[in-house]
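> I have a structure here, written as structure tokens, and I will follow up with some questions on it.
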Amino acid sequence: MDWKKKQEAENLFEESLTKLQLQDMEGAIKDLDKAIELIPDVPEYYWNRGACKGNLKRNREAVEDFTKGIELNPNDHMAYLNRGMSYSFNDEGVLFGPDARIKEAIDDFNKAIQIVPDDPFGWFLRGKCKAGSGQYPVEHGIDDLSEAIALKPNYIDALRERAQCYYKINDFGAAHEDLTKVLEKKPDEAKGYLYRSICVINAIKDFEAAFDDSNRAIQLDPELWEAYFIRGLANYRLKHYRNAIRDFDKALENGIENMEKGFFHRGLAKSSIHNFDGSIADFTEAIKLKPAMPLLYFNRGISYFHKRSYDLAMADFDKVLELGHIDALIYDWRGYTLLESRDYRGALPELEKALKIDPKCLNAYFRIGKAKYHLGDFAAARESQLCALKIDPNYKWAKEALEFLDSEEAKRKAANDKPKPPLPDSAIDD
């Protein structure tokens with residue numbers, strides 16, 4: 001061996017490590033190129049050059065270097081982990097992007113775990129790849145991440161990643177638990193508070209806590225626009241409607257991920273303060289973005305109803321049915337709309353459809369009773385209210401309607417019992 005060349009190569013390798021720490025990837029690669037030219041059979045030179053190329057998103061070149069290093073030393077588990085990470089990126093440097101070589105990545109992670117089964121990093125990388133690539137069930141990713149956490153209980157990256165997995169499968173309680181552990185160790189992590197606030201809203205329904213978490217996220221990162229949306233949701237559920245509108249304004253002004261949700265929930269908040277023109281405008285914007293979402297037409301229809309624009313309300317309710325959303329609520333609102341527009345006969349079939357779907361739909365019984373009253377069928381009107389009260393004896397509207405019907409019946413009876421005035425003399429036959 002040429003000891004002079006070896007020493008020169010080692011010096012270049014040490015210089016490359018310094019440059020790597022300083023994030024001078026190009027400079028480190030140049031040093032490693034020279035070191036490899038001097039001594040071409042040292043695996044660490046290839047591995048480090050591969051790491052530098054990976055940082056520069058030159059992942060195919062990185063894979064070539066890791067592969068050469070593995071050929072020289074096939075027993076270093078970190079080499080497989082690094083090559084697996086490079087396989088996980090596509091040519092544009094997008095993690096799990098199109099054309100990323102996920103199978104090869106998993107094979108490398110498997111090999112690394114086989115060599116060193118008690119390294120939590122290997123389990124973490126394989127779990128993240130399985131969960132994030134979309135090519136494996138999320139639960140498989142959770143299993144690997146759980147193994148990493150079992151080996152290293154305070155493994156923040158694994159806890160954070162597992163929380164994301166639980167979030168994907170709507171296990172918000174488990175996600176909340178993991179995020180709480182993350183925030184105990186990383187109390188200034190804005191996104192941790194954001195994601196935990198989402199879990200609180202969906203699982204725990206503690207809207208004060210959701211407000212506190214989303215508010216903390218905003219304090220830590222005032223440009224975390226999704227946090228304004230979540231704080232808006234918390235404000236809405238706490239009936240702080242004007243504050244909710246301000247938060248939704250901020251989220252929408254800066255472009256959140258799902259804009260239609262921002263418009264929809266701002267529309268709900270505006271509707272709650274009887275700003276129906278504003279709610280209609282917001283629901284309309286949401287419909288432009290998601291024209292096949294029945295809930296948007298349904299809520300816009302309700303706003304039109306409150307403006308007494310009954311034809312427009314019915315058009316939106318028609319669209320809900322056209323989109324295949326059929327339940328008791330839509331038929332109840334259709335019947336209610338026809339009832340308020342004084343089409344009493346037209347209202348009855350809609351309300352009866354509501355009862356066919358949900359025989360305990362109290363509002364439908366109440367509205368049928370109201371329609372029957374206006375059609376002069378007082379006995380049927382009374383029977384409908386009694387049906388509602390059999391289901392819920394405390395149903396306010398039926399109780400009030402029954403009292404009204406009893407009062408009207410008493411008035412009619414009193415009028416019929418009054419003695420009739422005598423006929424005038426001119427009416428008596430001679």
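All residue names refer to the structure tokens as shown: chains lettered A, B, ... in order, residues numbered from 1 in each chain, ligands numbered from 1 in order.
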Could you give me, as a ChimeraX atom specification, the residues within 12 Å of Ser309 of chain A, counting only C-alpha atoms and dropping anything in the same chain fewer than 3 positions from it?
/A:276-277,280,300-306,312-316,337-338,340-341
> Using the selection just defined, write its residues with N, CA and C atoms as a compact mmCIF listing (two decimals), in the first residue's frame.

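Saved file part.txt follows:
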```
# COMPACT_ATOMS: atom_id res chain seq x y z
N PHE A 276 -77.21 36.11 5.98
CA PHE A 276 -77.50 35.07 4.99
C PHE A 276 -76.96 35.42 3.61
N ASP A 277 -76.87 36.70 3.28
CA ASP A 277 -76.22 37.06 2.02
C ASP A 277 -74.77 36.62 2.03
N ILE A 280 -74.55 32.74 1.84
CA ILE A 280 -74.82 32.26 0.47
C ILE A 280 -73.60 32.47 -0.42
N ARG A 300 -76.59 26.01 1.64
CA ARG A 300 -76.98 27.21 0.89
C ARG A 300 -78.50 27.27 0.77
N GLY A 301 -79.13 26.11 0.58
CA GLY A 301 -80.58 26.07 0.52
C GLY A 301 -81.22 26.58 1.81
N ILE A 302 -80.63 26.24 2.94
CA ILE A 302 -81.17 26.72 4.22
C ILE A 302 -81.04 28.24 4.32
N SER A 303 -79.90 28.75 3.84
CA SER A 303 -79.74 30.22 3.86
C SER A 303 -80.76 30.89 2.95
N TYR A 304 -80.99 30.33 1.77
CA TYR A 304 -82.03 30.87 0.89
C TYR A 304 -83.40 30.80 1.58
N PHE A 305 -83.64 29.72 2.28
CA PHE A 305 -84.90 29.57 3.01
C PHE A 305 -85.09 30.73 4.00
N HIS A 306 -84.05 31.01 4.75
CA HIS A 306 -84.16 32.08 5.76
C HIS A 306 -84.33 33.45 5.12
N LEU A 312 -85.32 29.24 -4.79
CA LEU A 312 -83.88 28.97 -4.82
C LEU A 312 -83.51 27.90 -3.80
N ALA A 313 -84.16 27.93 -2.64
CA ALA A 313 -83.91 26.90 -1.64
C ALA A 313 -84.27 25.52 -2.19
N MET A 314 -85.45 25.42 -2.82
CA MET A 314 -85.87 24.13 -3.36
C MET A 314 -84.94 23.65 -4.47
N ALA A 315 -84.42 24.59 -5.26
CA ALA A 315 -83.47 24.22 -6.32
C ALA A 315 -82.22 23.58 -5.72
N ASP A 316 -81.74 24.15 -4.62
CA ASP A 316 -80.57 23.57 -3.96
C ASP A 316 -80.90 22.22 -3.34
N THR A 337 -89.92 23.95 3.50
CA THR A 337 -89.87 25.05 2.52
C THR A 337 -91.22 25.21 1.82
N LEU A 338 -91.80 24.10 1.40
CA LEU A 338 -93.11 24.17 0.74
C LEU A 338 -94.19 24.64 1.71
N GLU A 340 -93.77 26.71 4.26
CA GLU A 340 -93.63 28.16 4.47
C GLU A 340 -94.03 28.94 3.22
N SER A 341 -93.95 28.31 2.07
CA SER A 341 -94.40 29.00 0.85
C SER A 341 -95.91 28.75 0.60
```
> Determine, using only C-alpha atoms, which residues of segment 83-131 of chain A have any atom at most 8 Å from an atom of segment 58-77 of chain A, and tabulate each with its shortest atom pair and distance in Å to one decimal place, rows ordered by chain and then rising number, as JSON lines.

```
{"residue": "A:Arg83", "atom": "CA", "partner": "A:Val63", "partner_atom": "CA", "distance": 5.6}
{"residue": "A:Ser86", "atom": "CA", "partner": "A:Asn59", "partner_atom": "CA", "distance": 5.3}
{"residue": "A:Tyr87", "atom": "CA", "partner": "A:Val63", "partner_atom": "CA", "distance": 7.1}
{"residue": "A:Phe89", "atom": "CA", "partner": "A:Asn59", "partner_atom": "CA", "distance": 6.8}
{"residue": "A:Asn90", "atom": "CA", "partner": "A:Asn59", "partner_atom": "CA", "distance": 7.4}
{"residue": "A:Asp91", "atom": "CA", "partner": "A:Asn59", "partner_atom": "CA", "distance": 6.6}
{"residue": "A:Gly93", "atom": "CA", "partner": "A:Asn59", "partner_atom": "CA", "distance": 7.2}
{"residue": "A:Lys111", "atom": "CA", "partner": "A:His77", "partner_atom": "CA", "distance": 7.3}
{"residue": "A:Ala112", "atom": "CA", "partner": "A:His77", "partner_atom": "CA", "distance": 4.4}
{"residue": "A:Ile113", "atom": "CA", "partner": "A:His77", "partner_atom": "CA", "distance": 7.4}
{"residue": "A:Ile115", "atom": "CA", "partner": "A:His77", "partner_atom": "CA", "distance": 6.0}
{"residue": "A:Val116", "atom": "CA", "partner": "A:His77", "partner_atom": "CA", "distance": 6.6}
```
> Report as number ranges by chain all protein, DNA and RNA residues lying within 9 Å of Leu32 of chain A, evaluated on only C-alpha atoms, omitting residues in the same chain fewer than 6 positions from it.
A: 9, 12-13, 15-16, 45-46, 48-49
> If we count only C-alpha atoms and set the cut-off at 12 Å, which residues sit around Ala150 of chain A, ignoring sequence neighbours fewer than 2 positions away in its own chain? Please answer as number ranges by chain.
A: 118-121, 123-124, 142-148, 152-155, 158-159
> Those selected residues, please, written with C-alpha atoms and delivered as a PDB file, in the first residue's frame.

```pdb
ATOM      1  CA  ASP A 118     -32.295  -3.332  17.991  1.00  0.00           C
ATOM      2  CA  ASP A 119     -31.576  -0.068  16.141  1.00  0.00           C
ATOM      3  CA  PRO A 120     -34.793   2.008  16.400  1.00  0.00           C
ATOM      4  CA  PHE A 121     -33.755   4.100  13.380  1.00  0.00           C
ATOM      5  CA  TRP A 123     -37.722   0.439  12.323  1.00  0.00           C
ATOM      6  CA  PHE A 124     -38.520   4.143  12.103  1.00  0.00           C
ATOM      7  CA  ILE A 142     -47.747   1.931  12.790  1.00  0.00           C
ATOM      8  CA  ASP A 143     -46.423  -1.512  13.748  1.00  0.00           C
ATOM      9  CA  ASP A 144     -42.855  -0.585  12.737  1.00  0.00           C
ATOM     10  CA  LEU A 145     -43.018   2.820  14.390  1.00  0.00           C
ATOM     11  CA  SER A 146     -44.323   1.205  17.566  1.00  0.00           C
ATOM     12  CA  GLU A 147     -41.319  -1.130  17.518  1.00  0.00           C
ATOM     13  CA  ALA A 148     -39.012   1.887  17.195  1.00  0.00           C
ATOM     14  CA  LYS A 152     -36.519   4.131  22.350  1.00  0.00           C
ATOM     15  CA  PRO A 153     -39.569   5.386  24.306  1.00  0.00           C
ATOM     16  CA  ASN A 154     -38.821   9.092  23.838  1.00  0.00           C
ATOM     17  CA  TYR A 155     -38.141   8.816  20.106  1.00  0.00           C
ATOM     18  CA  ALA A 158     -41.215   8.186  15.645  1.00  0.00           C
ATOM     19  CA  LEU A 159     -43.924   9.506  17.982  1.00  0.00           C
TER      20      LEU A 159
END
```
> Using only C-alpha atoms for the distances, tell me which of A:Ala227, A:Ile273, A:Val200, A:Leu194 is nearest to Ala174 of chain A.
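Closest residue, counting only C-alpha atoms: A:Val200.
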> What is the distance, in Å and to one decimal place, between atom CA of Lys288 of chain A and atom CA of Glu260 of chain A?
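Separation between atom CA of Lys288 of chain A and atom CA of Glu260 of chain A: 8.4 Å.
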> Closest to His274 of chain A among A:Gly192, A:Glu257, A:Arg242, A:Pro359, using only C-alpha atoms?
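Looking only at the distances to His274 of chain A, the closest residue turns out to be A:Arg242.
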> Which is closer to Lys34 of chain A than all the others in A:Leu22, A:Asn11, A:Phe366, A:Ile102, using only C-alpha atoms?
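Checking each candidate against Lys34 of chain A, we get A:Asn11 as the closest.
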> If you measure from atom CA of Glu400 of chain A to atom CA of Tyr310 of chain A, what distance in Å do you get, rounded to one decimal?
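Going from atom CA of Glu400 of chain A over to atom CA of Tyr310 of chain A, I get 25.5 Å.
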> From a DSSP pass on the backbone, collect the residues of segment 76-268 of chain A flagged as helix (DSSP H, G or I) and hand them back as a ChimeraX atom specification.
/A:77-87,102-115,120-133,138-151,156-168,172-185,190-204,207-220,225-237,241-253,259-268
> For atom CA of Leu81 of chain A and atom CA of Gln23 of chain A, determine how far apart the two atoms are, in Å to one decimal place.
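One can read the atom CA of Leu81 of chain A to atom CA of Gln23 of chain A distance as 20.8 Å.
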